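Heads up: the structure comes next, in structure tokens.
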Amino acid sequence: MAEKKLTIKLARRLFGRSEKQIATANSLGLKKIGDTTVQPDNDATRGKIAKISHLVVVTEA
């Protein structure tokens, strides 16, 4: 069975955000607007997305 993946795109800039939000985005591989990454769909990834949900656009890959 294939593991589900999530495509995460940084839609808003990180300037002026808290250090924790910036660190969360960086841990997902997102550094500047337009950066896209593919991550496994698991609880850890979902938790990170929940912390910065107002900054990212998520689609299932």
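Ordering of the structure tokens sets the chain letters (A, B, ...), residue numbers begin anew at 1 in every chain, and ligands are numbered from 1 in the order given.
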Review point. Contacts of Thr24 in chain A at 12 Å or less, counting only C-alpha atoms, minus same-chain residues fewer than 5 places along, as JSON, numbers by chain?
Key: {"A": [10, 14, 17, 18, 19, 29, 30, 31, 44, 45, 46, 47, 48, 49, 50, 51, 52, 53, 55, 56]}
Keeping only N, CA and C atoms, take the residues you just selected and write them out as a compact mmCIF listing (two decimals), in the first residue's frame.
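Final file, out20.txt:
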# COMPACT_ATOMS: atom_id res chain seq x y z
N LEU A 10 4.34 27.27 0.83
CA LEU A 10 4.34 28.47 1.67
C LEU A 10 3.70 29.61 0.88
N LEU A 14 7.27 34.81 6.03
CA LEU A 14 7.59 34.50 7.42
C LEU A 14 8.05 35.73 8.21
N ARG A 17 6.88 36.89 11.92
CA ARG A 17 6.25 35.76 12.62
C ARG A 17 7.10 35.38 13.83
N SER A 18 6.51 34.61 14.73
CA SER A 18 7.25 34.19 15.92
C SER A 18 8.35 33.21 15.52
N GLU A 19 9.35 33.11 16.39
CA GLU A 19 10.47 32.20 16.12
C GLU A 19 9.99 30.76 15.98
N GLY A 29 10.95 22.47 5.47
CA GLY A 29 11.70 22.79 4.26
C GLY A 29 11.20 24.01 3.53
N LEU A 30 10.46 24.87 4.23
CA LEU A 30 9.89 26.07 3.62
C LEU A 30 10.63 27.30 4.14
N LYS A 31 11.25 28.05 3.24
CA LYS A 31 12.04 29.20 3.66
C LYS A 31 11.53 30.52 3.08
N ALA A 44 2.79 13.80 12.93
CA ALA A 44 3.81 14.82 13.14
C ALA A 44 3.68 15.93 12.10
N THR A 45 3.53 15.55 10.84
CA THR A 45 3.39 16.54 9.77
C THR A 45 2.10 17.32 9.94
N ARG A 46 1.01 16.65 10.27
CA ARG A 46 -0.28 17.33 10.48
C ARG A 46 -0.19 18.34 11.63
N GLY A 47 0.55 18.00 12.68
CA GLY A 47 0.73 18.92 13.80
C GLY A 47 1.49 20.17 13.40
N LYS A 48 2.54 19.99 12.59
CA LYS A 48 3.31 21.14 12.11
C LYS A 48 2.45 22.03 11.23
N ILE A 49 1.66 21.41 10.37
CA ILE A 49 0.77 22.18 9.49
C ILE A 49 -0.24 22.96 10.32
N ALA A 50 -0.76 22.36 11.38
CA ALA A 50 -1.74 23.03 12.23
C ALA A 50 -1.17 24.30 12.87
N LYS A 51 0.13 24.28 13.19
CA LYS A 51 0.77 25.43 13.83
C LYS A 51 0.94 26.60 12.87
N ILE A 52 1.07 26.31 11.57
CA ILE A 52 1.28 27.40 10.59
C ILE A 52 0.25 27.32 9.47
N SER A 53 -0.95 26.86 9.79
CA SER A 53 -1.99 26.66 8.77
C SER A 53 -2.37 27.95 8.05
N LEU A 55 -0.36 30.14 7.04
CA LEU A 55 0.74 30.54 6.16
C LEU A 55 0.91 29.62 4.96
N VAL A 56 0.28 28.44 4.99
CA VAL A 56 0.54 27.44 3.96
C VAL A 56 -0.73 27.01 3.25
**Study point:** Distance query Ala11 in chain A at most 9 Å, only C-alpha atoms, self and fewer than 3 positions along chain excluded, as a ChimeraX atom specification
**Key:** /A:32-35,54-57
Residues as selected, N, CA and C atoms, written as an mmCIF file, in the first residue's frame, can you do that?
data_model
loop_
_atom_site.group_PDB
_atom_site.id
_atom_site.type_symbol
_atom_site.label_atom_id
_atom_site.label_comp_id
_atom_site.auth_asym_id
_atom_site.auth_seq_id
_atom_site.Cartn_x
_atom_site.Cartn_y
_atom_site.Cartn_z
ATOM 1 N N LYS A 32 10.972 30.490 1.866
ATOM 2 C CA LYS A 32 10.463 31.723 1.269
ATOM 3 C C LYS A 32 9.177 31.427 0.508
ATOM 4 N N ILE A 33 8.427 32.471 0.192
ATOM 5 C CA ILE A 33 7.143 32.328 -0.492
ATOM 6 C C ILE A 33 7.327 31.538 -1.781
ATOM 7 N N GLY A 34 6.436 30.585 -1.996
ATOM 8 C CA GLY A 34 6.478 29.780 -3.206
ATOM 9 C C GLY A 34 7.205 28.464 -3.029
ATOM 10 N N ASP A 35 7.963 28.309 -1.946
ATOM 11 C CA ASP A 35 8.643 27.041 -1.693
ATOM 12 C C ASP A 35 7.607 25.942 -1.505
ATOM 13 N N HIS A 54 -2.209 29.091 8.716
ATOM 14 C CA HIS A 54 -2.548 30.384 8.106
ATOM 15 C C HIS A 54 -1.476 30.857 7.128
ATOM 16 N N LEU A 55 -0.359 30.141 7.036
ATOM 17 C CA LEU A 55 0.744 30.538 6.163
ATOM 18 C C LEU A 55 0.912 29.617 4.962
ATOM 19 N N VAL A 56 0.284 28.445 4.988
ATOM 20 C CA VAL A 56 0.541 27.435 3.964
ATOM 21 C C VAL A 56 -0.735 27.007 3.248
ATOM 22 N N VAL A 57 -0.527 26.395 2.067
ATOM 23 C CA VAL A 57 -1.599 25.764 1.309
ATOM 24 C C VAL A 57 -1.226 24.295 1.195
#
Exercise for review: Just the helix (DSSP H, G or I) stuff from chain A, please, per backbone DSSP, written as a PyMOL selection string.
Suggested key: chain A and resi 19-27+43-51
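These are the residues of range 11-60 of chain A assigned strand (DSSP E or B) by DSSP from backbone coordinates: Thr36, Thr37, Val38, Gln39, Pro40, Val56, Val57, Val58, Thr59 and Glu60 of chain A.
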Exercise for review: Find the residues near Ala2 in chain A: any atom within 12 Å, counting only C-alpha atoms, skip ones fewer than 6 places away on the same chain, and give them as a PyMOL selection string.
Suggested key: chain A and resi 40-41+61
Study note, to complete from the structure: A straight line from CA of Glu3 in chain A to CA of Asn26 in chain A spans 23.0 Å
Exercise for review: Could you tell me how far CA of Asp43 in chain A lies from CA of Gln21 in chain A, in Å and to one decimal?
Suggested key: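 The value is 17.6 Å.
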Review point. CA of Ser27 in chain A to CA of Ile8 in chain A: how many Å, to one decimal?
Key: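 Separation between CA of Ser27 in chain A and CA of Ile8 in chain A: 12.1 Å.
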**Study point:** Nearest residue to Ala25 in chain A from the set A:Glu60, A:Asn42, A:Leu6, A:Thr37 (distances using only C-alpha atoms)
**Key:**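 Selected residue with least distance to Ala25 in chain A: A:Thr37.
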